[in-house]
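As stored in start-v2.cif (mmCIF, C-alpha atoms):
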data_upload
loop_
_atom_site.label_atom_id
_atom_site.label_comp_id
_atom_site.auth_asym_id
_atom_site.auth_seq_id
_atom_site.Cartn_x
_atom_site.Cartn_y
_atom_site.Cartn_z
CA MET A 1 119.45 -2.46 90.20
CA LYS A 2 120.15 -1.96 86.52
CA THR A 3 117.61 -0.11 84.38
CA ILE A 4 116.20 -1.44 81.10
CA PHE A 5 114.22 0.67 78.63
CA ILE A 6 111.77 -1.30 76.48
CA VAL A 7 110.54 0.67 73.46
CA ASP A 8 107.77 -0.90 71.36
CA ASP A 9 104.48 0.33 69.94
CA SER A 10 102.82 -3.01 70.84
CA ASP A 11 101.30 -3.19 74.32
CA THR A 12 101.52 -6.98 74.12
CA ASN A 13 105.26 -6.95 73.48
CA LEU A 14 105.83 -4.38 76.24
CA SER A 15 103.87 -6.50 78.70
CA MET A 16 105.66 -9.74 77.78
CA ALA A 17 109.12 -8.19 77.97
CA GLU A 18 108.36 -6.46 81.25
CA SER A 19 107.05 -9.71 82.75
CA ALA A 20 110.25 -11.52 81.74
CA LEU A 21 112.59 -8.89 83.16
CA ASP A 22 110.98 -7.05 86.07
CA ASP A 23 112.13 -9.54 88.75
CA HIS A 24 115.72 -8.82 87.78
CA TYR A 25 115.84 -5.23 86.54
CA ARG A 26 114.19 -1.87 86.89
CA VAL A 27 112.06 -1.95 83.74
CA MET A 28 110.65 1.16 82.07
CA THR A 29 108.32 0.68 79.11
CA MET A 30 107.47 3.27 76.49
CA PRO A 31 105.41 3.17 73.28
CA SER A 32 107.61 5.30 71.01
CA ALA A 33 111.12 6.53 70.37
CA SER A 34 110.07 10.13 71.04
CA THR A 35 108.94 9.10 74.53
CA MET A 36 112.28 7.35 75.03
CA PHE A 37 114.26 10.48 74.12
CA ARG A 38 112.26 12.62 76.53
CA LEU A 39 112.97 10.15 79.33
CA LEU A 40 116.65 9.85 78.40
CA ASN A 41 117.12 13.46 79.49
CA LYS A 42 116.23 12.34 83.03
CA VAL A 43 117.21 8.66 83.27
CA SER A 44 120.27 6.85 81.93
CA PRO A 45 119.45 3.17 81.26
CA ASP A 46 121.95 0.32 81.26
CA LEU A 47 120.40 -1.16 78.11
CA ILE A 48 117.68 -0.27 75.60
CA LEU A 49 115.47 -2.93 74.03
CA LEU A 50 114.27 -1.19 70.86
CA ASP A 51 111.62 -2.21 68.36
CA ILE A 52 112.56 -1.60 64.73
CA GLU A 53 109.17 -1.16 63.09
CA MET A 54 107.38 1.72 64.81
CA PRO A 55 105.32 4.62 63.45
CA GLU A 56 106.72 8.19 63.45
CA MET A 57 110.32 7.10 64.14
CA ASP A 58 111.58 3.59 63.49
CA GLY A 59 114.32 1.80 65.42
CA PHE A 60 117.07 2.52 62.90
CA GLU A 61 116.43 6.26 63.02
CA ALA A 62 116.31 6.16 66.83
CA LEU A 63 119.59 4.22 66.99
CA SER A 64 121.23 6.72 64.65
CA ILE A 65 120.28 9.57 66.98
CA LEU A 66 121.50 7.64 70.03
CA LYS A 67 124.88 6.99 68.48
CA SER A 68 125.26 10.61 67.33
CA ARG A 69 124.94 11.99 70.87
CA GLU A 70 127.99 11.48 73.06
CA LYS A 71 126.06 11.13 76.31
CA TRP A 72 123.93 8.31 74.85
CA SER A 73 126.31 6.67 72.40
CA ASP A 74 127.64 4.08 74.87
CA ILE A 75 124.22 2.76 75.92
CA PRO A 76 123.87 -0.83 74.61
CA VAL A 77 120.93 -1.25 72.22
CA MET A 78 119.25 -4.58 71.37
CA PHE A 79 116.76 -4.63 68.53
CA LEU A 80 113.34 -6.30 68.77
CA THR A 81 112.12 -7.32 65.32
CA GLY A 82 109.74 -9.59 63.53
CA ARG A 83 111.98 -9.54 60.47
CA THR A 84 114.64 -12.18 60.02
CA ASP A 85 116.30 -11.12 56.77
CA GLU A 86 120.07 -10.76 56.77
CA GLU A 87 119.98 -7.22 55.38
CA VAL A 88 118.23 -5.93 58.52
CA GLU A 89 120.76 -7.58 60.84
CA VAL A 90 123.75 -6.35 58.84
CA ARG A 91 122.43 -2.79 58.89
CA GLY A 92 121.72 -2.97 62.63
CA PHE A 93 125.15 -4.29 63.56
CA GLU A 94 126.86 -1.72 61.32
CA MET A 95 124.97 1.03 63.13
CA GLY A 96 126.03 -0.26 66.54
CA ALA A 97 123.28 -2.58 67.79
CA ILE A 98 124.67 -5.31 70.06
CA ASP A 99 122.09 -8.02 69.29
CA PHE A 100 118.71 -8.90 67.77
CA VAL A 101 115.78 -10.56 69.50
CA THR A 102 113.22 -12.01 67.10
CA LYS A 103 109.50 -11.60 67.82
CA PRO A 104 107.61 -13.47 69.09
CA PHE A 105 110.25 -13.98 71.77
CA SER A 106 110.68 -16.34 74.71
CA GLY A 107 110.85 -14.63 78.11
CA PRO A 108 113.71 -16.80 79.47
CA VAL A 109 115.71 -16.41 76.25
CA LEU A 110 115.27 -12.62 76.36
CA LEU A 111 116.37 -12.53 80.01
CA ASN A 112 119.49 -14.61 79.36
CA ARG A 113 120.47 -12.56 76.31
CA ILE A 114 120.22 -9.35 78.31
CA LYS A 115 122.10 -10.79 81.31
CA THR A 116 124.93 -11.92 79.04
CA HIS A 117 125.31 -8.53 77.39
CA LEU A 118 125.12 -6.61 80.65
CA ASP A 119 127.73 -8.86 82.25
CA ILE A 120 130.05 -8.24 79.31
CA ASP A 121 129.28 -4.53 79.43
CA GLU A 122 130.13 -4.45 83.16
CA ILE A 123 133.54 -5.98 82.44
CA ILE A 124 134.16 -3.46 79.65
CA ARG A 125 133.17 -0.55 81.89
CA GLU A 126 135.52 -1.69 84.62
CA ARG A 127 138.37 -2.05 82.14
CA THR A 128 137.52 1.40 80.76
CA ALA A 129 137.53 2.85 84.28
CA GLN A 130 140.96 1.29 84.85
CA LEU A 131 142.16 2.85 81.59
CA HIS A 132 140.85 6.25 82.67
CA ARG A 133 142.63 5.95 86.01
CA LEU A 134 145.86 5.07 84.20
CA GLN A 135 145.32 7.93 81.77
CA ASN A 136 144.78 10.42 84.59
CA SER A 137 147.90 9.16 86.34
CA ILE A 138 149.98 9.65 83.20
CA VAL A 139 148.53 13.14 82.73
CA SER A 140 149.37 14.01 86.33
CA VAL A 141 152.96 12.85 85.85
CA LEU A 142 153.34 14.86 82.62
CA ALA A 143 151.73 17.93 84.19
CA ASP A 144 154.02 17.65 87.22
CA MET A 145 157.04 17.37 84.93
CA VAL A 146 156.07 20.61 83.20
CA GLU A 147 155.31 22.39 86.48
CA ASN A 148 158.52 21.21 88.16
CA ARG A 149 160.60 22.55 85.27
CA ASP A 150 158.86 25.95 85.32
CA LYS A 151 159.88 27.17 88.77
CA GLY A 152 157.91 30.40 88.52
CA THR A 153 154.44 28.97 87.92
CA GLY A 154 153.77 26.82 90.98
CA GLY A 155 150.19 25.58 91.08
CA HIS A 156 149.36 27.04 87.65
CA ILE A 157 148.09 23.78 86.16
CA GLU A 158 145.82 22.97 89.10
CA ARG A 159 144.40 26.49 89.24
CA THR A 160 143.74 26.74 85.52
CA SER A 161 141.98 23.36 85.65
CA ILE A 162 139.62 24.75 88.30
CA TYR A 163 139.09 27.95 86.30
CA ILE A 164 138.20 25.89 83.23
CA LYS A 165 135.58 24.01 85.23
CA ILE A 166 134.12 27.27 86.57
CA LEU A 167 133.92 28.77 83.08
CA ILE A 168 132.27 25.71 81.53
CA SER A 169 129.72 25.58 84.35
CA GLY A 170 129.04 29.30 83.92
CA MET A 171 128.62 28.88 80.17
CA LYS A 172 126.13 26.04 80.65
CA ASP A 173 124.13 28.04 83.19
CA ARG A 174 123.89 30.98 80.79
CA GLY A 175 123.34 29.03 77.57
CA ILE A 176 126.63 30.21 76.02
CA TYR A 177 127.81 27.87 73.24
CA VAL A 178 125.39 25.37 74.75
CA ASN A 179 125.20 23.23 71.59
CA GLU A 180 128.98 22.82 71.57
CA ILE A 181 129.37 21.93 75.24
CA ARG A 182 126.14 20.01 75.86
CA ASP A 183 127.76 16.62 75.40
CA TRP A 184 131.13 17.42 76.94
CA ASP A 185 132.35 15.13 79.68
CA VAL A 186 133.54 17.97 81.91
CA GLU A 187 135.87 15.82 84.03
CA LYS A 188 137.64 14.55 80.91
CA ILE A 189 137.80 18.06 79.47
CA VAL A 190 139.30 19.45 82.66
CA SER A 191 141.80 16.60 82.89
CA SER A 192 142.92 17.09 79.30
CA ALA A 193 143.34 20.84 79.95
CA ARG A 194 146.15 19.96 82.35
CA MET A 195 148.30 19.24 79.30
CA HIS A 196 148.00 22.75 77.82
CA ASP A 197 151.64 23.64 78.56
CA LEU A 198 153.07 20.23 77.69
CA GLY A 199 155.18 21.75 74.91
CA LYS A 200 157.32 23.56 77.47
CA ILE A 201 159.12 20.25 77.95
CA SER A 202 160.90 21.05 74.69
CA ILE A 203 161.99 24.56 75.74
CA THR A 204 165.41 25.03 77.32
CA ASP A 205 165.53 25.70 81.08
CA ILE A 206 167.52 28.84 80.38
CA ILE A 207 164.39 30.37 78.85
CA VAL A 208 161.71 28.65 80.92
CA ASN A 209 163.32 29.71 84.20
CA LYS A 210 164.88 33.02 83.19
CA PRO A 211 164.45 35.42 86.16
CA ASP A 212 164.03 38.47 83.92
CA ARG A 213 161.77 39.36 81.03
CA LEU A 214 162.50 37.41 77.87
CA THR A 215 164.19 39.09 74.95
CA ASP A 216 162.28 39.20 71.67
CA ALA A 217 164.33 36.23 70.40
CA GLU A 218 163.74 34.25 73.58
CA TYR A 219 160.04 35.03 73.45
CA GLU A 220 159.86 33.63 69.92
CA VAL A 221 161.38 30.40 71.23
CA MET A 222 158.93 30.31 74.15
CA LYS A 223 156.02 30.77 71.74
CA THR A 224 156.93 27.47 70.08
CA HIS A 225 155.62 25.59 73.13
CA ALA A 226 152.08 25.69 71.70
CA GLN A 227 153.06 23.95 68.48
CA GLU A 228 155.43 21.64 70.36
CA GLY A 229 152.51 20.59 72.55
CA GLU A 230 150.52 19.71 69.45
CA ARG A 231 153.45 17.76 68.04
CA ILE A 232 153.98 15.73 71.21
CA ILE A 233 150.29 14.88 71.49
CA ASP A 234 150.20 13.98 67.78
CA GLU A 235 152.98 11.48 68.48
CA ILE A 236 150.99 10.00 71.36
CA ILE A 237 147.92 9.76 69.11
CA ALA A 238 149.96 8.05 66.38
CA ARG A 239 151.12 5.41 68.86
CA THR A 240 147.93 4.87 70.87
CA GLY A 241 145.06 5.88 68.60
CA GLU A 242 143.01 9.04 68.62
CA GLY A 243 140.47 9.46 71.39
CA GLU A 244 138.32 12.20 72.88
CA PHE A 245 140.80 12.89 75.69
CA LEU A 246 143.79 13.35 73.39
CA ARG A 247 141.80 15.40 70.86
CA ASN A 248 140.86 17.84 73.62
CA ALA A 249 144.40 17.88 75.02
CA ARG A 250 145.74 18.77 71.57
CA LEU A 251 143.29 21.67 71.22
CA PHE A 252 144.15 23.05 74.65
CA ALA A 253 147.89 22.76 73.97
CA GLY A 254 147.83 24.19 70.47
CA CYS A 255 145.20 26.92 70.69
CA HIS A 256 145.37 28.60 74.11
CA HIS A 257 147.50 31.45 72.73
CA GLU A 258 145.31 32.17 69.71
CA ARG A 259 143.51 35.53 69.80
CA TRP A 260 139.95 36.47 68.88
CA ASP A 261 141.30 39.13 66.47
CA GLY A 262 143.56 36.64 64.69
CA LYS A 263 146.84 38.07 66.02
CA GLY A 264 147.68 35.12 68.25
CA TYR A 265 149.89 32.09 67.68
CA PRO A 266 150.79 29.51 66.44
CA HIS A 267 148.17 29.42 63.67
CA GLY A 268 146.75 32.95 63.61
CA LEU A 269 143.19 31.65 63.91
CA LYS A 270 140.42 34.24 64.28
CA GLY A 271 137.06 34.35 66.09
CA GLU A 272 135.19 31.06 66.13
CA GLU A 273 137.88 29.50 63.93
CA ILE A 274 139.65 29.02 67.27
CA PRO A 275 138.45 25.79 68.91
CA LEU A 276 136.29 26.47 71.95
CA GLN A 277 138.81 24.72 74.20
CA GLY A 278 141.45 27.27 73.21
CA ARG A 279 139.12 30.23 73.74
CA ILE A 280 138.23 29.06 77.24
CA MET A 281 141.81 28.30 78.21
CA ALA A 282 143.00 31.69 76.92
CA ILE A 283 141.09 33.44 79.72
CA ALA A 284 141.92 30.91 82.44
CA ASP A 285 145.61 30.94 81.50
CA VAL A 286 146.03 34.72 81.34
CA TYR A 287 144.03 35.39 84.51
CA ASP A 288 146.30 33.05 86.44
CA ALA A 289 149.41 34.60 84.92
CA LEU A 290 148.21 38.09 85.84
CA VAL A 291 147.39 37.37 89.50
CA SER A 292 150.47 35.21 90.10
CA ASP A 293 153.90 36.34 91.22
CA ARG A 294 156.63 36.00 88.61
CA PRO A 295 160.37 36.72 88.87
CA TYR A 296 159.90 39.61 86.43
CA LYS A 297 156.64 41.08 87.82
CA LYS A 298 154.48 41.53 90.87
CA PRO A 299 151.02 39.91 90.92
CA PHE A 300 148.04 41.96 89.79
CA ALA A 301 145.19 42.50 92.21
CA HIS A 302 142.17 40.42 91.25
CA GLU A 303 140.19 43.52 90.26
CA ASP A 304 142.99 44.74 87.99
CA ALA A 305 143.28 41.33 86.33
CA VAL A 306 139.53 41.30 85.67
CA LYS A 307 139.71 44.83 84.23
CA THR A 308 142.60 43.85 81.94
CA ILE A 309 140.77 40.83 80.58
CA MET A 310 137.52 42.73 80.03
CA GLU A 311 139.36 45.54 78.25
CA ASN A 312 140.62 42.91 75.80
CA ALA A 313 137.29 41.17 75.26
CA GLY A 314 136.57 41.13 71.54
CA THR A 315 140.23 41.56 70.61
CA GLN A 316 142.23 38.98 72.56
CA TYR A 317 139.32 37.02 74.04
CA ASP A 318 135.99 35.67 72.88
CA PRO A 319 133.62 38.41 74.15
CA ARG A 320 130.87 35.97 75.15
CA ILE A 321 133.21 33.84 77.25
CA ALA A 322 134.79 36.99 78.69
CA GLN A 323 131.34 38.11 79.85
CA VAL A 324 130.83 34.75 81.56
CA PHE A 325 134.23 35.20 83.21
CA TYR A 326 133.15 38.62 84.47
CA GLU A 327 129.96 37.20 85.95
CA VAL A 328 131.81 34.38 87.78
CA ARG A 329 134.88 36.45 88.64
CA ASP A 330 134.32 36.05 92.40
CA LEU A 331 134.76 32.28 92.04
CA PHE A 332 138.12 32.87 90.34
CA LYS A 333 139.13 35.15 93.19
CA ALA A 334 138.18 32.50 95.75
CA VAL A 335 140.34 29.89 94.00
CA LYS A 336 143.39 32.12 94.03
CA ALA A 337 142.76 33.21 97.62
CA GLY A 338 142.59 29.59 98.73
CA ASP A 339 145.74 28.54 96.90
#
Transcribe the structure of this file into structure tokens.
Amino acid sequence: MKTIFIVDDSDTNLSMAESALDDHYRVMTMPSASTMFRLLNKVSPDLILLDIEMPEMDGFEALSILKSREKWSDIPVMFLTGRTDEEVEVRGFEMGAIDFVTKPFSGPVLLNRIKTHLDIDEIIRERTAQLHRLQNSIVSVLADMVENRDKGTGGHIERTSIYIKILISGMKDRGIYVNEIRDWDVEKIVSSARMHDLGKISITDIIVNKPDRLTDAEYEVMKTHAQEGERIIDEIIARTGEGEFLRNARLFAGCHHERWDGKGYPHGLKGEEIPLQGRIMAIADVYDALVSDRPYKKPFAHEDAVKTIMENAGTQYDPRIAQVFYEVRDLFKAVKAGD
């Protein structure tokens, strides 16, 4: 059963709306926007029926907060109002409200308006889910293309995706960069991370699959894969429109070889100038490279890889994320052991 929040400082309006809807939906009433926000941290409604004129925080301010938070921004909001002037409606629609219900309202009219919007929303969500499935399929094909060309890195993309998830979970548990990651859709983030080496498509097989260490000149060519990844994703964005998934993919592709001390590439970013996605991937990417067999080197033992990364915390790696890595290092070891 779908859940409806009704937010109004009038007990009469709450009672009338609840009576009209409770045979069809799970209805939760609340007298203020502040109460709504507390409950939103526990319950995700399918629609919010929101009064405009309330003390402390009015409906416009509440809607602005809802739309500014990624985890709430897609919740449909209908305004309840006793005002009928055009200025109010224009402002509401511009802010993202889906409809207005004028008070005093008719119960059957309110029910039908909500049913109509939820039916439309259900269709949109299904189409969005189909788009996400298509998107993930395309990402998988691109990731497989990169992996199949790079004969020496079998399973690298899958493993680094798991490491990313472990690190983000560890950061959340420890309150590290919590404001930055609070609203992240972790599944989307992890999926977009699979494109971090996309730029290798542009690098010749002679270099990508060279069985020996690269010369300095060859290494300079290999380094261009970060900027090439950005370029390719920029082209996709230009053709399809920018979205959260592609923005994250671009940051993973372009920034995973930046260094905390500013000596990385391609942009020479330093410290927190480096997008968080790049700082997280830097550790996941290097750990996997260290513990994996390569034509030009034997794999490091897990303990030696951990030591190497921790010795470079604060120079190559964000020290706070490196500490999280150290504390979840056994989970990394388990992933590699189970590969």
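Near Asp51 (chain A), within 8 Å and counting all atoms listed in the file, sit Val7, Asp8, Asp9, Asp58, Gly59, Phe79, Leu80 and Thr81 of chain A, not including residues fewer than 5 positions from it in the same chain.
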Separating CA of Ile138 (chain A) from CA of Leu246 (chain A), to the nearest tenth of an Å, is a gap of 12.2 Å
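Applied to the file shown here, the PyMOL selection byres ((chain A and resi 107) around 8) selects the residues Met16, Ala17, Ser19, Ala20, Leu21, Phe105, Ser106, Pro108, Val109, Leu110 and Leu111 of chain A.
The neighbours of Asn248 (chain A) here are the residues that come within 10 Å of it, using only C-alpha atoms and leaving out any residue fewer than 6 positions away in the same chain; they are A:Lys188, A:Ile189, A:Val190, A:Ser191, A:Ser192, A:Ala193, A:Met195, A:His196, A:Gly254, A:Pro275, A:Leu276, A:Gln277, A:Gly278.
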Result set of the PyMOL selection byres ((chain A and resi 258) around 12) on the coordinates above, as a ChimeraX atom specification: /A:223,226-227,251-257,259-283,285-286,315-318
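Put simply, CA of Val328 (chain A) is 20.6 Å away from CA of Gly155 (chain A).
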Could the residues of region 208-233 of chain A that have an atom at most 10 Å from region 290-294 of chain A be listed as a tab-separated table, each with its closest atom pair and the distance in Å to one decimal, counting all atoms listed in the file and ordered by chain and ascending residue number?
residue	atom	partner	partner_atom	distance
A:Pro211	CA	A:Arg294	CA	8.2
A:Asp212	CA	A:Arg294	CA	9.1
A:Arg213	CA	A:Arg294	CA	9.8
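You will find CA of Ile233 (chain A) at 20.1 Å from CA of Ile164 (chain A).
Using all atoms listed in the file for every distance, the candidate list A:Arg69, A:Asn209, A:Val43, A:Asn13 yields A:Arg69 as the residue closest to Glu180 (chain A).
If you measure from each of A:Lys115, A:His156, A:Lys67, A:Arg127 to Ala97 (chain A) using all atoms listed in the file, the closest one turns out to be A:Lys67.
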Running the PyMOL selection byres ((chain A and resi 49) around 12) on this model by hand, what would come out? Give it as a PyMOL selection string. chain A and resi 3-8+13-14+17-18+21+27-33+36+45-48+50-52+59+62-63+75-81+97-102+110-111+113-114+117
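Between Phe325 (chain A) and the residues A:Lys71, A:Lys165, A:Arg247, A:Lys298, the shortest atom-to-atom distance, using only C-alpha atoms, involves A:Lys165.
Restricting the calculation to only C-alpha atoms, the smallest distance between Trp72 (chain A) and any of A:Asn179, A:Thr160, A:Thr84, A:Asn41 is found for A:Asn41.
If only C-alpha atoms are the atoms counted, then among A:Ile168, A:Ile181, A:Lys200, A:Glu70 the closest residue to Glu244 (chain A) is A:Glu70.
For the set A:Val90, A:Ile321, A:Leu331, A:Asp23, the residue with the smallest atom-to-atom gap to Gly175 (chain A) is A:Ile321, counting only C-alpha atoms.
Only residues having an atom at most 10 Å from (159.1, 22.4, 70.6) are included; using only C-alpha atoms, these are Leu198, Gly199, Lys200, Ile201, Ser202, Ile203, Thr204, Val221, Met222, Lys223, Thr224, His225, Ala226, Gln227, Glu228, Gly229, Glu230, Arg231 and Ile232 of chain A.
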Working from the structure I just supplied, which lacks atoms in region 11-45 of chain A, can you model N, CA and C atoms there and output them as a PDB file, in the frame of the given file?
ATOM      1  N   ASP A  11     101.518  -2.990  72.889  1.00  0.00           N
ATOM      2  CA  ASP A  11     101.300  -3.190  74.320  1.00  0.00           C
ATOM      3  C   ASP A  11     101.583  -4.634  74.731  1.00  0.00           C
ATOM      4  N   THR A  12     101.287  -5.564  73.826  1.00  0.00           N
ATOM      5  CA  THR A  12     101.520  -6.980  74.120  1.00  0.00           C
ATOM      6  C   THR A  12     103.011  -7.256  74.302  1.00  0.00           C
ATOM      7  N   ASN A  13     103.819  -6.741  73.377  1.00  0.00           N
ATOM      8  CA  ASN A  13     105.260  -6.950  73.480  1.00  0.00           C
ATOM      9  C   ASN A  13     105.840  -6.277  74.724  1.00  0.00           C
ATOM     10  N   LEU A  14     105.366  -5.085  75.036  1.00  0.00           N
ATOM     11  CA  LEU A  14     105.830  -4.380  76.240  1.00  0.00           C
ATOM     12  C   LEU A  14     105.517  -5.194  77.484  1.00  0.00           C
ATOM     13  N   SER A  15     104.299  -5.727  77.533  1.00  0.00           N
ATOM     14  CA  SER A  15     103.870  -6.500  78.700  1.00  0.00           C
ATOM     15  C   SER A  15     104.680  -7.788  78.852  1.00  0.00           C
ATOM     16  N   MET A  16     104.916  -8.484  77.732  1.00  0.00           N
ATOM     17  CA  MET A  16     105.660  -9.740  77.780  1.00  0.00           C
ATOM     18  C   MET A  16     107.114  -9.508  78.208  1.00  0.00           C
ATOM     19  N   ALA A  17     107.729  -8.472  77.634  1.00  0.00           N
ATOM     20  CA  ALA A  17     109.120  -8.190  77.970  1.00  0.00           C
ATOM     21  C   ALA A  17     109.250  -7.750  79.423  1.00  0.00           C
ATOM     22  N   GLU A  18     108.329  -6.926  79.866  1.00  0.00           N
ATOM     23  CA  GLU A  18     108.360  -6.460  81.250  1.00  0.00           C
ATOM     24  C   GLU A  18     108.199  -7.634  82.213  1.00  0.00           C
ATOM     25  N   SER A  19     107.286  -8.542  81.899  1.00  0.00           N
ATOM     26  CA  SER A  19     107.050  -9.710  82.750  1.00  0.00           C
ATOM     27  C   SER A  19     108.292 -10.587  82.851  1.00  0.00           C
ATOM     28  N   ALA A  20     109.047 -10.685  81.749  1.00  0.00           N
ATOM     29  CA  ALA A  20     110.250 -11.520  81.740  1.00  0.00           C
ATOM     30  C   ALA A  20     111.404 -10.900  82.515  1.00  0.00           C
ATOM     31  N   LEU A  21     111.411  -9.575  82.641  1.00  0.00           N
ATOM     32  CA  LEU A  21     112.590  -8.890  83.160  1.00  0.00           C
ATOM     33  C   LEU A  21     112.409  -8.233  84.525  1.00  0.00           C
ATOM     34  N   ASP A  22     111.154  -7.950  84.929  1.00  0.00           N
ATOM     35  CA  ASP A  22     110.980  -7.050  86.070  1.00  0.00           C
ATOM     36  C   ASP A  22     111.381  -7.644  87.424  1.00  0.00           C
ATOM     37  N   ASP A  23     111.609  -8.964  87.503  1.00  0.00           N
ATOM     38  CA  ASP A  23     112.130  -9.540  88.750  1.00  0.00           C
ATOM     39  C   ASP A  23     113.632  -9.321  88.895  1.00  0.00           C
ATOM     40  N   HIS A  24     114.261  -8.910  87.793  1.00  0.00           N
ATOM     41  CA  HIS A  24     115.720  -8.820  87.780  1.00  0.00           C
ATOM     42  C   HIS A  24     116.237  -7.404  87.536  1.00  0.00           C
ATOM     43  N   TYR A  25     115.405  -6.575  86.905  1.00  0.00           N
ATOM     44  CA  TYR A  25     115.840  -5.230  86.540  1.00  0.00           C
ATOM     45  C   TYR A  25     114.736  -4.221  86.827  1.00  0.00           C
ATOM     46  N   ARG A  26     115.161  -2.967  86.866  1.00  0.00           N
ATOM     47  CA  ARG A  26     114.190  -1.870  86.890  1.00  0.00           C
ATOM     48  C   ARG A  26     113.765  -1.655  85.441  1.00  0.00           C
ATOM     49  N   VAL A  27     112.531  -1.979  85.117  1.00  0.00           N
ATOM     50  CA  VAL A  27     112.060  -1.950  83.740  1.00  0.00           C
ATOM     51  C   VAL A  27     111.183  -0.728  83.514  1.00  0.00           C
ATOM     52  N   MET A  28     111.454   0.000  82.446  1.00  0.00           N
ATOM     53  CA  MET A  28     110.650   1.160  82.070  1.00  0.00           C
ATOM     54  C   MET A  28     110.186   0.970  80.642  1.00  0.00           C
ATOM     55  N   THR A  29     108.888   0.918  80.443  1.00  0.00           N
ATOM     56  CA  THR A  29     108.320   0.680  79.110  1.00  0.00           C
ATOM     57  C   THR A  29     107.841   1.991  78.510  1.00  0.00           C
ATOM     58  N   MET A  30     107.927   2.071  77.192  1.00  0.00           N
ATOM     59  CA  MET A  30     107.470   3.270  76.490  1.00  0.00           C
ATOM     60  C   MET A  30     107.043   2.908  75.081  1.00  0.00           C
ATOM     61  N   PRO A  31     106.010   3.586  74.543  1.00  0.00           N
ATOM     62  CA  PRO A  31     105.410   3.170  73.280  1.00  0.00           C
ATOM     63  C   PRO A  31     106.046   3.754  72.032  1.00  0.00           C
ATOM     64  N   SER A  32     107.040   4.644  72.191  1.00  0.00           N
ATOM     65  CA  SER A  32     107.610   5.300  71.010  1.00  0.00           C
ATOM     66  C   SER A  32     109.024   5.787  71.300  1.00  0.00           C
ATOM     67  N   ALA A  33     109.770   6.019  70.223  1.00  0.00           N
ATOM     68  CA  ALA A  33     111.120   6.530  70.370  1.00  0.00           C
ATOM     69  C   ALA A  33     111.111   7.951  70.922  1.00  0.00           C
ATOM     70  N   SER A  34     110.121   8.751  70.532  1.00  0.00           N
ATOM     71  CA  SER A  34     110.070  10.130  71.040  1.00  0.00           C
ATOM     72  C   SER A  34     109.890  10.141  72.552  1.00  0.00           C
ATOM     73  N   THR A  35     109.090   9.215  73.078  1.00  0.00           N
ATOM     74  CA  THR A  35     108.940   9.100  74.530  1.00  0.00           C
ATOM     75  C   THR A  35     110.264   8.704  75.172  1.00  0.00           C
ATOM     76  N   MET A  36     110.975   7.788  74.516  1.00  0.00           N
ATOM     77  CA  MET A  36     112.280   7.350  75.030  1.00  0.00           C
ATOM     78  C   MET A  36     113.247   8.535  75.138  1.00  0.00           C
ATOM     79  N   PHE A  37     113.314   9.372  74.101  1.00  0.00           N
ATOM     80  CA  PHE A  37     114.260  10.480  74.120  1.00  0.00           C
ATOM     81  C   PHE A  37     113.912  11.497  75.197  1.00  0.00           C
ATOM     82  N   ARG A  38     112.632  11.706  75.441  1.00  0.00           N
ATOM     83  CA  ARG A  38     112.260  12.620  76.530  1.00  0.00           C
ATOM     84  C   ARG A  38     112.728  12.070  77.874  1.00  0.00           C
ATOM     85  N   LEU A  39     112.587  10.764  78.057  1.00  0.00           N
ATOM     86  CA  LEU A  39     112.970  10.150  79.330  1.00  0.00           C
ATOM     87  C   LEU A  39     114.498  10.071  79.474  1.00  0.00           C
ATOM     88  N   LEU A  40     115.197   9.938  78.351  1.00  0.00           N
ATOM     89  CA  LEU A  40     116.650   9.850  78.400  1.00  0.00           C
ATOM     90  C   LEU A  40     117.294  11.112  78.981  1.00  0.00           C
ATOM     91  N   ASN A  41     116.593  12.228  78.910  1.00  0.00           N
ATOM     92  CA  ASN A  41     117.120  13.460  79.490  1.00  0.00           C
ATOM     93  C   ASN A  41     117.070  13.439  81.013  1.00  0.00           C
ATOM     94  N   LYS A  42     116.360  12.440  81.575  1.00  0.00           N
ATOM     95  CA  LYS A  42     116.230  12.340  83.030  1.00  0.00           C
ATOM     96  C   LYS A  42     116.821  11.048  83.588  1.00  0.00           C
ATOM     97  N   VAL A  43     116.778   9.982  82.800  1.00  0.00           N
ATOM     98  CA  VAL A  43     117.210   8.660  83.270  1.00  0.00           C
ATOM     99  C   VAL A  43     118.212   8.075  82.274  1.00  0.00           C
ATOM    100  N   SER A  44     119.281   7.502  82.791  1.00  0.00           N
ATOM    101  CA  SER A  44     120.270   6.850  81.930  1.00  0.00           C
ATOM    102  C   SER A  44     120.164   5.341  82.109  1.00  0.00           C
ATOM    103  N   PRO A  45     119.619   4.618  81.120  1.00  0.00           N
ATOM    104  CA  PRO A  45     119.450   3.170  81.260  1.00  0.00           C
ATOM    105  C   PRO A  45     120.746   2.417  81.036  1.00  0.00           C
TER     106      PRO A  45
END
